[in-house]
>>> print(open('coords13.pdb').read())   # PDB, C-alpha atoms and all ligand atoms
ATOM      1  CA  MET C  68     143.923 168.731  74.245
ATOM      2  CA  LYS C  69     146.638 166.240  73.308
ATOM      3  CA  GLN C  70     149.823 167.971  72.216
ATOM      4  CA  ILE C  71     151.282 165.136  70.160
ATOM      5  CA  GLU C  72     149.274 163.143  67.635
ATOM      6  CA  ASP C  73     149.314 159.373  67.990
ATOM      7  CA  LYS C  74     151.136 159.012  64.682
ATOM      8  CA  SER C  75     153.867 161.353  65.860
ATOM      9  CA  LEU C  76     154.082 159.475  69.135
ATOM     10  CA  ALA C  77     154.578 156.245  67.230
ATOM     11  CA  VAL C  78     157.428 157.795  65.272
ATOM     12  CA  ILE C  79     159.028 159.213  68.420
ATOM     13  CA  LEU C  80     158.897 155.872  70.223
ATOM     14  CA  ALA C  81     160.191 153.975  67.207
ATOM     15  CA  GLU C  82     163.123 156.409  66.877
ATOM     16  CA  LEU C  83     163.812 156.100  70.592
ATOM     17  CA  LYS C  84     163.834 152.343  70.268
ATOM     18  CA  LYS C  85     166.418 152.544  67.475
ATOM     19  CA  VAL C  86     168.675 154.596  69.742
ATOM     20  CA  LEU C  87     168.225 152.145  72.614
ATOM     21  CA  ASP C  88     168.743 149.104  70.382
ATOM     22  CA  ALA C  89     171.971 150.625  69.120
ATOM     23  CA  ASN C  90     173.036 151.342  72.700
ATOM     24  CA  ILE C  91     173.999 154.901  71.877
ATOM     25  CA  LYS C  92     175.669 156.666  74.774
ATOM     26  CA  GLY C  93     173.809 159.315  76.749
ATOM     27  CA  ASP C  94     170.546 160.293  78.390
ATOM     28  CA  ILE C  95     167.185 161.391  77.024
ATOM     29  CA  VAL C  96     165.909 164.970  77.161
ATOM     30  CA  GLU C  97     162.587 166.578  76.342
ATOM     31  CA  LEU C  98     162.545 170.364  76.143
ATOM     32  CA  GLY C  99     158.941 171.457  76.370
ATOM     33  CA  CYS C 100     157.350 168.575  78.245
ATOM     34  CA  TYR C 101     154.094 170.333  79.189
ATOM     35  CA  LYS C 102     151.956 167.823  81.150
ATOM     36  CA  GLY C 103     154.339 164.974  80.399
ATOM     37  CA  GLU C 104     152.027 163.091  78.041
ATOM     38  CA  THR C 105     154.819 162.116  75.679
ATOM     39  CA  SER C 106     157.367 161.965  78.502
ATOM     40  CA  ILE C 107     155.403 159.204  80.173
ATOM     41  CA  GLU C 108     155.361 157.092  77.005
ATOM     42  CA  ILE C 109     159.104 157.610  76.655
ATOM     43  CA  ALA C 110     159.516 156.559  80.290
ATOM     44  CA  LYS C 111     157.515 153.383  79.677
ATOM     45  CA  VAL C 112     159.804 152.411  76.822
ATOM     46  CA  LEU C 113     162.824 153.157  79.027
ATOM     47  CA  ALA C 114     161.297 150.986  81.738
ATOM     48  CA  ILE C 115     161.022 148.111  79.289
ATOM     49  CA  PHE C 116     164.592 148.548  78.130
ATOM     50  CA  SER C 117     165.918 148.748  81.627
ATOM     51  CA  GLY C 118     164.420 145.369  82.358
ATOM     52  CA  GLY C 119     161.207 146.755  83.827
ATOM     53  CA  ALA C 120     159.161 143.714  82.847
ATOM     54  CA  ARG C 121     161.493 141.369  84.597
ATOM     55  CA  ARG C 122     162.114 143.659  87.526
ATOM     56  CA  GLY C 123     158.423 143.847  88.350
ATOM     57  CA  CYS C 124     157.591 147.126  86.622
ATOM     58  CA  PRO C 125     153.805 147.374  87.050
ATOM     59  CA  LYS C 126     151.777 145.495  84.449
ATOM     60  CA  ASN C 127     149.627 148.526  83.646
ATOM     61  CA  VAL C 128     152.631 150.156  81.993
ATOM     62  CA  PHE C 129     152.587 147.444  79.385
ATOM     63  CA  THR C 130     148.845 147.087  78.970
ATOM     64  CA  GLU C 131     148.474 150.853  78.618
ATOM     65  CA  LEU C 132     151.136 150.869  75.955
ATOM     66  CA  SER C 133     149.367 148.192  73.960
ATOM     67  CA  ASN C 134     145.925 149.757  74.372
ATOM     68  CA  GLN C 135     146.644 152.703  72.118
ATOM     69  CA  GLN C 136     143.767 153.461  69.758
ATOM     70  CA  ASP C 137     145.721 154.408  66.701
ATOM     71  CA  LYS C 138     146.527 151.325  64.580
ATOM     72  CA  GLN C 139     149.937 152.537  63.522
ATOM     73  CA  VAL C 140     150.938 153.360  67.101
ATOM     74  CA  LYS C 141     149.576 150.044  68.286
ATOM     75  CA  ASN C 142     151.553 148.189  65.674
ATOM     76  CA  ILE C 143     154.806 149.904  66.544
ATOM     77  CA  ILE C 144     154.289 149.510  70.246
ATOM     78  CA  GLN C 145     153.133 145.904  70.193
ATOM     79  CA  GLU C 146     155.450 144.482  67.613
ATOM     80  CA  LYS C 147     158.499 146.654  67.762
ATOM     81  CA  ILE C 148     158.611 147.614  71.391
ATOM     82  CA  LEU C 149     156.655 145.173  73.513
ATOM     83  CA  GLY C 150     157.516 142.313  71.156
ATOM     84  CA  ALA C 151     161.187 142.815  71.887
ATOM     85  CA  ASP C 152     160.588 142.457  75.579
ATOM     86  CA  ARG C 153     158.204 139.529  75.287
ATOM     87  CA  ALA C 154     160.680 137.492  73.305
ATOM     88  CA  THR C 155     164.087 137.462  74.878
ATOM     89  CA  GLY C 156     164.104 141.001  76.157
ATOM     90  CA  PRO C 157     166.443 143.676  74.928
ATOM     91  CA  GLU C 158     169.874 142.130  74.866
ATOM     92  CA  LYS C 159     171.634 144.897  76.694
ATOM     93  CA  LEU C 160     169.765 146.419  79.579
ATOM     94  CA  ILE C 161     170.130 150.141  79.462
ATOM     95  CA  ASN C 162     170.382 152.597  82.279
ATOM     96  CA  LYS C 163     169.387 155.989  80.981
ATOM     97  CA  LYS C 164     167.870 158.945  82.725
ATOM     98  CA  LEU C 165     165.026 161.044  81.416
ATOM     99  CA  TRP C 166     165.397 164.829  81.814
ATOM    100  CA  LEU C 167     162.374 167.082  81.336
ATOM    101  CA  TYR C 168     162.295 170.859  80.936
ATOM    102  CA  ASP C 169     159.494 173.373  80.829
ATOM    103  CA  SER C 170     158.726 176.897  81.978
ATOM    104  CA  PHE C 171     155.623 175.522  83.709
ATOM    105  CA  SER C 172     154.389 179.048  83.063
ATOM    106  CA  GLY C 173     152.977 178.396  79.612
ATOM    107  CA  LEU C 174     154.332 179.577  76.295
ATOM    108  CA  PRO C 175     156.621 182.610  76.109
ATOM    109  CA  GLU C 176     156.125 185.625  73.829
ATOM    110  CA  LYS C 177     156.225 184.885  70.106
ATOM    111  CA  SER C 178     158.867 186.475  67.926
ATOM    112  CA  LYS C 179     158.420 187.742  64.381
ATOM    113  CA  GLU C 180     159.562 184.385  62.987
ATOM    114  CA  ASP C 181     156.521 182.740  64.587
ATOM    115  CA  LEU C 182     153.905 184.879  62.917
ATOM    116  CA  SER C 183     151.477 182.912  60.804
ATOM    117  CA  ALA C 184     148.024 183.688  59.533
ATOM    118  CA  ILE C 185     146.792 180.423  61.023
ATOM    119  CA  GLY C 186     148.821 180.466  64.208
ATOM    120  CA  GLU C 187     146.800 182.775  66.362
ATOM    121  CA  SER C 188     145.782 180.129  68.833
ATOM    122  CA  PHE C 189     149.321 179.820  70.224
ATOM    123  CA  GLN C 190     149.734 182.726  72.562
ATOM    124  CA  LYS C 191     151.877 183.746  75.495
ATOM    125  CA  GLY C 192     150.767 181.968  78.689
ATOM    126  CA  GLU C 193     148.896 179.215  76.847
ATOM    127  CA  LEU C 194     149.698 175.592  77.773
ATOM    128  CA  PHE C 195     150.122 176.346  81.422
ATOM    129  CA  CYS C 196     150.570 173.398  83.736
ATOM    130  CA  THR C 197     152.535 172.698  86.881
ATOM    131  CA  LYS C 198     155.594 170.624  87.612
ATOM    132  CA  ALA C 199     153.542 168.879  90.320
ATOM    133  CA  GLU C 200     151.154 167.562  87.645
ATOM    134  CA  VAL C 201     154.032 165.864  85.889
ATOM    135  CA  ILE C 202     155.429 164.438  89.119
ATOM    136  CA  THR C 203     151.992 163.039  89.999
ATOM    137  CA  LYS C 204     151.563 161.512  86.564
ATOM    138  CA  PHE C 205     154.830 159.593  86.940
ATOM    139  CA  ALA C 206     154.029 158.527  90.500
ATOM    140  CA  LYS C 207     150.582 157.224  89.465
ATOM    141  CA  ALA C 208     152.142 155.214  86.662
ATOM    142  CA  ASN C 209     154.745 153.823  89.071
ATOM    143  CA  LEU C 210     157.527 154.958  86.833
ATOM    144  CA  PRO C 211     160.897 156.265  88.036
ATOM    145  CA  LYS C 212     160.788 159.998  88.658
ATOM    146  CA  PRO C 213     162.588 161.878  85.881
ATOM    147  CA  VAL C 214     164.791 164.912  86.451
ATOM    148  CA  ILE C 215     162.377 167.836  85.968
ATOM    149  CA  LYS C 216     163.622 171.417  85.613
ATOM    150  CA  LYS C 217     161.284 174.373  85.738
ATOM    151  CA  ALA C 218     162.916 177.208  83.793
ATOM    152  CA  TRP C 219     162.782 179.283  80.651
ATOM    153  CA  PHE C 220     165.132 177.550  78.237
ATOM    154  CA  SER C 221     167.159 180.736  77.915
ATOM    155  CA  ASP C 222     167.883 180.604  81.663
ATOM    156  CA  LEU C 223     169.198 177.045  81.630
ATOM    157  CA  LYS C 224     172.908 176.598  82.244
ATOM    158  CA  PRO C 225     175.076 173.841  80.714
ATOM    159  CA  GLU C 226     175.086 172.034  84.076
ATOM    160  CA  ASP C 227     171.284 171.754  83.928
ATOM    161  CA  LEU C 228     171.645 169.313  81.043
ATOM    162  CA  PRO C 229     173.075 165.807  81.018
ATOM    163  CA  ASN C 230     176.689 165.687  79.850
ATOM    164  CA  GLU C 231     175.789 163.192  77.169
ATOM    165  CA  ILE C 232     172.563 163.138  75.180
ATOM    166  CA  CYS C 233     171.520 160.306  72.864
ATOM    167  CA  PHE C 234     167.928 161.365  72.214
ATOM    168  CA  ALA C 235     166.339 164.809  72.354
ATOM    169  CA  LEU C 236     162.708 165.705  71.786
ATOM    170  CA  LEU C 237     162.348 169.438  71.221
ATOM    171  CA  ASP C 238     158.788 170.663  71.485
ATOM    172  CA  GLY C 239     158.957 174.335  72.434
ATOM    173  CA  ASP C 240     156.777 175.429  69.488
ATOM    174  CA  PHE C 241     158.388 178.825  68.857
ATOM    175  CA  TYR C 242     161.464 180.076  67.013
ATOM    176  CA  ASP C 243     163.420 181.233  70.070
ATOM    177  CA  SER C 244     162.471 178.146  72.062
ATOM    178  CA  ILE C 245     163.672 175.713  69.389
ATOM    179  CA  LYS C 246     166.781 177.780  68.619
ATOM    180  CA  THR C 247     167.745 177.875  72.302
ATOM    181  CA  SER C 248     166.970 174.168  72.749
ATOM    182  CA  LEU C 249     169.231 173.213  69.849
ATOM    183  CA  GLU C 250     172.032 175.417  71.170
ATOM    184  CA  LEU C 251     171.647 173.932  74.640
ATOM    185  CA  ILE C 252     172.002 170.326  73.495
ATOM    186  CA  GLU C 253     174.484 170.902  70.670
ATOM    187  CA  ASN C 254     177.702 170.194  72.558
ATOM    188  CA  ASN C 255     176.321 167.270  74.538
ATOM    189  CA  LEU C 256     175.019 165.146  71.670
ATOM    190  CA  THR C 257     176.809 161.842  71.350
ATOM    191  CA  LYS C 258     177.752 160.172  68.101
ATOM    192  CA  ASN C 259     174.636 158.883  66.313
ATOM    193  CA  ALA C 260     172.291 160.733  68.640
ATOM    194  CA  THR C 261     168.788 161.530  67.396
ATOM    195  CA  ILE C 262     166.985 164.852  67.678
ATOM    196  CA  ILE C 263     163.259 165.128  67.003
ATOM    197  CA  ILE C 264     161.682 168.512  66.491
ATOM    198  CA  ASP C 265     157.931 168.686  66.679
ATOM    199  CA  ASP C 266     156.036 171.202  64.527
ATOM    200  CA  PHE C 267     158.830 171.370  61.965
ATOM    201  CA  ALA C 268     156.189 171.116  59.264
ATOM    202  CA  ASN C 269     153.345 172.836  61.063
ATOM    203  CA  PRO C 270     152.346 175.936  59.113
ATOM    204  CA  ALA C 271     150.833 177.409  62.267
ATOM    205  CA  LEU C 272     154.275 177.402  63.916
ATOM    206  CA  PRO C 273     156.753 178.418  61.198
ATOM    207  CA  GLY C 274     159.429 179.440  63.709
ATOM    208  CA  ALA C 275     160.168 175.810  64.610
ATOM    209  CA  ARG C 276     161.248 175.032  61.037
ATOM    210  CA  GLN C 277     163.204 178.253  60.612
ATOM    211  CA  ALA C 278     165.161 177.734  63.825
ATOM    212  CA  THR C 279     165.930 174.124  62.836
ATOM    213  CA  GLU C 280     167.045 175.001  59.316
ATOM    214  CA  GLU C 281     169.270 177.822  60.541
ATOM    215  CA  TRP C 282     170.855 175.522  63.098
ATOM    216  CA  LEU C 283     171.445 172.802  60.505
ATOM    217  CA  THR C 284     173.159 175.294  58.222
ATOM    218  CA  LYS C 285     175.361 176.442  61.085
ATOM    219  CA  ILE C 286     176.283 172.889  62.106
ATOM    220  CA  LYS C 287     177.011 171.808  58.543
ATOM    221  CA  SER C 288     179.304 174.784  58.018
ATOM    222  CA  LYS C 289     181.161 173.972  61.244
ATOM    223  CA  THR C 290     182.055 170.414  60.272
ATOM    224  CA  ASN C 291     184.585 169.546  57.629
ATOM    225  CA  SER C 292     183.857 165.852  57.459
ATOM    226  CA  LYS C 293     182.396 164.489  54.271
ATOM    227  CA  PRO C 294     178.679 164.073  53.903
ATOM    228  CA  PRO C 295     176.521 162.353  54.945
ATOM    229  CA  GLN C 296     177.181 163.777  58.391
ATOM    230  CA  LEU C 297     173.680 164.438  59.314
ATOM    231  CA  LYS C 298     170.399 163.076  58.052
ATOM    232  CA  LEU C 299     167.229 165.108  58.152
ATOM    233  CA  GLN C 300     163.957 163.311  57.570
ATOM    234  CA  GLN C 301     160.496 164.732  57.758
ATOM    235  CA  LEU C 302     157.675 162.518  59.005
ATOM    236  CA  GLY C 303     154.348 164.250  59.381
ATOM    237  CA  ALA C 304     155.034 167.436  61.279
ATOM    238  CA  LEU C 305     158.203 166.020  62.831
ATOM    239  CA  ALA C 306     161.796 166.551  61.813
ATOM    240  CA  ILE C 307     164.142 163.730  62.695
ATOM    241  CA  ILE C 308     167.831 164.522  62.711
ATOM    242  CA  ASN C 309     170.349 161.721  63.003
ATOM    243  CA  MET C 310     173.764 162.971  63.984
ATOM    244  CA  ARG C 311     176.322 160.740  62.377
ATOM    245  CA  ASN C 312     179.992 161.561  62.249
ATOM    246  CA  ILE C 313     179.314 165.029  63.354
ATOM    247  CA  VAL C 314     180.213 164.876  67.001
TER
HETATM  248  C1  LIG M 401     153.456 171.816  72.776
HETATM  249  S1  LIG M 401     153.859 171.891  74.448
HETATM  250  C2  LIG M 401     154.788 170.446  74.721
HETATM  251  C3  LIG M 401     154.003 169.176  74.589
HETATM  252  C4  LIG M 401     154.709 167.940  75.094
HETATM  253  N1  LIG M 401     155.994 167.767  74.486
HETATM  254  C5  LIG M 401     153.842 166.727  74.830
HETATM  255  O1  LIG M 401     154.204 165.924  73.973
HETATM  256  O2  LIG M 401     152.804 166.601  75.473
HETATM  257  C6  LIG M 401     155.066 173.136  74.517
HETATM  258  C7  LIG M 401     155.645 173.377  75.888
HETATM  259  O3  LIG M 401     156.866 174.081  75.731
HETATM  260  C8  LIG M 401     157.005 174.993  76.795
HETATM  261  N2  LIG M 401     157.899 176.052  76.317
HETATM  262  C9  LIG M 401     157.874 176.672  75.113
HETATM  263  N3  LIG M 401     158.856 177.552  75.024
HETATM  264  C10 LIG M 401     159.549 177.505  76.183
HETATM  265  C11 LIG M 401     160.708 178.181  76.675
HETATM  266  N4  LIG M 401     161.335 179.096  75.942
HETATM  267  N5  LIG M 401     161.153 177.884  77.913
HETATM  268  C12 LIG M 401     160.510 176.960  78.663
HETATM  269  N6  LIG M 401     159.403 176.275  78.251
HETATM  270  C13 LIG M 401     158.940 176.542  77.018
HETATM  271  C14 LIG M 401     155.596 175.472  77.087
HETATM  272  O4  LIG M 401     155.487 175.903  78.427
HETATM  273  C15 LIG M 401     154.764 174.215  76.806
HETATM  274  O5  LIG M 401     154.491 173.491  77.979
END
>>> encode(input="coords13.pdb", output="structure tokens")
Amino acid sequence: MKQIEDKSLAVILAELKKVLDANIKGDIVELGCYKGETSIEIAKVLAIFSGGARRGCPKNVFTELSNQQDKQVKNIIQEKILGADRATGPEKLINKKLWLYDSFSGLPEKSKEDLSAIGESFQKGELFCTKAEVITKFAKANLPKPVIKKAWFSDLKPEDLPNEICFALLDGDFYDSIKTSLELIENNLTKNATIIIDDFANPALPGARQATEEWLTKIKSKTNSKPPQLKLQQLGALAIINMRNIV
């Protein structure tokens, strides 16, 4: 079963493109990559922006991207992402690494914040896959191998993360997982970085929203600068946080 809807994928890729267009400093992280289905789409966009088309990045990367079924995704990918490359190419070639994290042991235990009458299908151990599956997926697509860390988020150390982060996709589903993810990236976010939290508005996974809102309150209380410091938008189930003058 696909973990991210096509519409959400379109939003994620469009937000990523904004960050790349603006040449915001830092690398890209995904905490909760599972089989790497979204990671691979992110990697394709990175390949385009790092001059992949001109450097002989395999054609299938581009045809796959434009063969998406969903109209909205197709539109974003063809016009906003591929279009940029077909014309003159992104003006500044970027050189950013993709860092992926997962337990590769499935979901952890839920906490009380995750309880929902309609959330019973998300249980400990579900969504199991292996790191090897992700490595193979990237190799088959001929895309550069990302940094992949197998660990519970709570066991990650600061040195396991890139020093500078411009784009973070947090998809750990549960309260503790999202809380820990936000705390892990907090000090490494660069100015104008974007954070996307999946399931923010998914009633089956209420912990994701609670963890995000608590973190936002904490961050806002820590900064003295005048608003707007931080913009929170909700698109479908996703929360998009743009860090402005906050870091
Ligand atoms: C919904 S899936 C991710 C889907 C993926 N982002 C995609 O777009 O295909 C959630 C993943 O988060 C991982 N995860 C959740 N909580 C975690 C934690 N605390 N530590 C490590 N991995 C965690 C699970 O193992 C699972 O693979």
>>> atom_distance(input="coords13.pdb", atom1="CA of Ile263 in chain C", atom2="CA of Ala114 in chain C")
20.5 Å
>>> closest_residue(input="coords13.pdb", among="C:Val214, C:Ile252, C:Leu236, C:Val86", to="Leu305 in chain C", atoms="all atoms listed in the file")
C:Leu236
>>> closest_atom_pairs(input="coords13.pdb", of="chain C", to="ligand LIG 401 (chain M)", cutoff="6 Å", atoms="all atoms listed in the file", output="Markdown table")
| residue | atom | partner | partner_atom | distance |
| --- | --- | --- | --- | --- |
| C:Gln70 | CA | M:LIG401 | O2 | 4.6 |
| C:Ile71 | CA | M:LIG401 | O1 | 4.9 |
| C:Gly99 | CA | M:LIG401 | O3 | 3.4 |
| C:Cys100 | CA | M:LIG401 | N1 | 4.1 |
| C:Tyr101 | CA | M:LIG401 | O5 | 3.4 |
| C:Lys102 | CA | M:LIG401 | O2 | 5.9 |
| C:Gly103 | CA | M:LIG401 | O2 | 5.4 |
| C:Glu104 | CA | M:LIG401 | O2 | 4.4 |
| C:Thr105 | CA | M:LIG401 | O1 | 4.2 |
| C:Asp169 | CA | M:LIG401 | N6 | 3.9 |
| C:Ser170 | CA | M:LIG401 | C12 | 3.8 |
| C:Phe171 | CA | M:LIG401 | O4 | 5.3 |
| C:Ser172 | CA | M:LIG401 | O4 | 5.7 |
| C:Gly173 | CA | M:LIG401 | O4 | 3.7 |
| C:Leu174 | CA | M:LIG401 | C14 | 4.4 |
| C:Pro175 | CA | M:LIG401 | N3 | 5.6 |
| C:Leu194 | CA | M:LIG401 | O5 | 5.2 |
| C:Ala218 | CA | M:LIG401 | C12 | 5.7 |
| C:Trp219 | CA | M:LIG401 | N5 | 3.5 |
| C:Phe220 | CA | M:LIG401 | N5 | 4.0 |
| C:Asp238 | CA | M:LIG401 | N1 | 5.0 |
| C:Gly239 | CA | M:LIG401 | C9 | 3.7 |
| C:Asp240 | CA | M:LIG401 | C6 | 5.8 |
| C:Ser244 | CA | M:LIG401 | N4 | 4.2 |
>>> resolve_selection(input="coords13.pdb", expression="the PyMOL selection byres (((chain C and resi 269) around 12) and not hetatm)", output="list in words")
Asp181, Ser183, Ile185, Gly186, Asp238, Asp240, Phe241, Ile264, Asp265, Asp266, Phe267, Ala268, Pro270, Ala271, Leu272, Pro273, Gly274, Ala275, Arg276, Gln277, Gln301, Leu302, Gly303, Ala304, Leu305 and Ala306 of chain C
>>> atom_distance(input="coords13.pdb", atom1="CA of Asp227 in chain C", atom2="CA of Ile161 in chain C")
22.1 Å
>>> decode(input="coords13.pdb", residues="range 163-203 of chain C", atoms="C-alpha atoms", output="PDB file, in the first residue's frame")
ATOM      1  CA  LYS C 163      22.647  18.433  -1.865  1.00  0.00           C
ATOM      2  CA  LYS C 164      22.652  15.100  -0.140  1.00  0.00           C
ATOM      3  CA  LEU C 165      19.593  13.093   0.763  1.00  0.00           C
ATOM      4  CA  TRP C 166      19.586  11.494   4.237  1.00  0.00           C
ATOM      5  CA  LEU C 167      17.041   8.797   5.068  1.00  0.00           C
ATOM      6  CA  TYR C 168      16.140   7.383   8.476  1.00  0.00           C
ATOM      7  CA  ASP C 169      13.982   4.498   9.573  1.00  0.00           C
ATOM      8  CA  SER C 170      13.900   1.789  12.215  1.00  0.00           C
ATOM      9  CA  PHE C 171      13.546  -0.763   9.408  1.00  0.00           C
ATOM     10  CA  SER C 172      11.782  -2.697  12.151  1.00  0.00           C
ATOM     11  CA  GLY C 173       8.327  -1.276  11.542  1.00  0.00           C
ATOM     12  CA  LEU C 174       6.406   1.147  13.705  1.00  0.00           C
ATOM     13  CA  PRO C 175       7.227   1.510  17.402  1.00  0.00           C
ATOM     14  CA  GLU C 176       4.717   1.281  20.263  1.00  0.00           C
ATOM     15  CA  LYS C 177       1.988   3.921  20.250  1.00  0.00           C
ATOM     16  CA  SER C 178       1.681   6.345  23.131  1.00  0.00           C
ATOM     17  CA  LYS C 179      -1.533   7.658  24.655  1.00  0.00           C
ATOM     18  CA  GLU C 180      -1.436  10.696  22.358  1.00  0.00           C
ATOM     19  CA  ASP C 181      -1.816   8.380  19.357  1.00  0.00           C
ATOM     20  CA  LEU C 182      -5.023   6.727  20.450  1.00  0.00           C
ATOM     21  CA  SER C 183      -7.869   7.213  18.024  1.00  0.00           C
ATOM     22  CA  ALA C 184     -11.082   5.334  17.484  1.00  0.00           C
ATOM     23  CA  ILE C 185     -10.208   4.988  13.808  1.00  0.00           C
ATOM     24  CA  GLY C 186      -6.495   4.401  14.173  1.00  0.00           C
ATOM     25  CA  GLU C 187      -6.387   0.755  15.043  1.00  0.00           C
ATOM     26  CA  SER C 188      -4.708  -0.305  11.849  1.00  0.00           C
ATOM     27  CA  PHE C 189      -1.417   1.360  12.822  1.00  0.00           C
ATOM     28  CA  GLN C 190       0.238  -1.015  15.211  1.00  0.00           C
ATOM     29  CA  LYS C 191       3.684  -1.787  16.538  1.00  0.00           C
ATOM     30  CA  GLY C 192       5.745  -3.717  13.964  1.00  0.00           C
ATOM     31  CA  GLU C 193       3.562  -2.688  11.023  1.00  0.00           C
ATOM     32  CA  LEU C 194       5.293  -1.172   7.967  1.00  0.00           C
ATOM     33  CA  PHE C 195       8.283  -3.422   8.222  1.00  0.00           C
ATOM     34  CA  CYS C 196      10.780  -3.274   5.397  1.00  0.00           C
ATOM     35  CA  THR C 197      14.530  -3.564   5.077  1.00  0.00           C
ATOM     36  CA  LYS C 198      17.267  -1.072   4.380  1.00  0.00           C
ATOM     37  CA  ALA C 199      18.368  -3.354   1.522  1.00  0.00           C
ATOM     38  CA  GLU C 200      15.016  -2.776  -0.215  1.00  0.00           C
ATOM     39  CA  VAL C 201      15.654   0.945  -0.246  1.00  0.00           C
ATOM     40  CA  ILE C 202      19.226   0.529  -1.465  1.00  0.00           C
ATOM     41  CA  THR C 203      18.009  -1.722  -4.294  1.00  0.00           C
TER      42      THR C 203
END
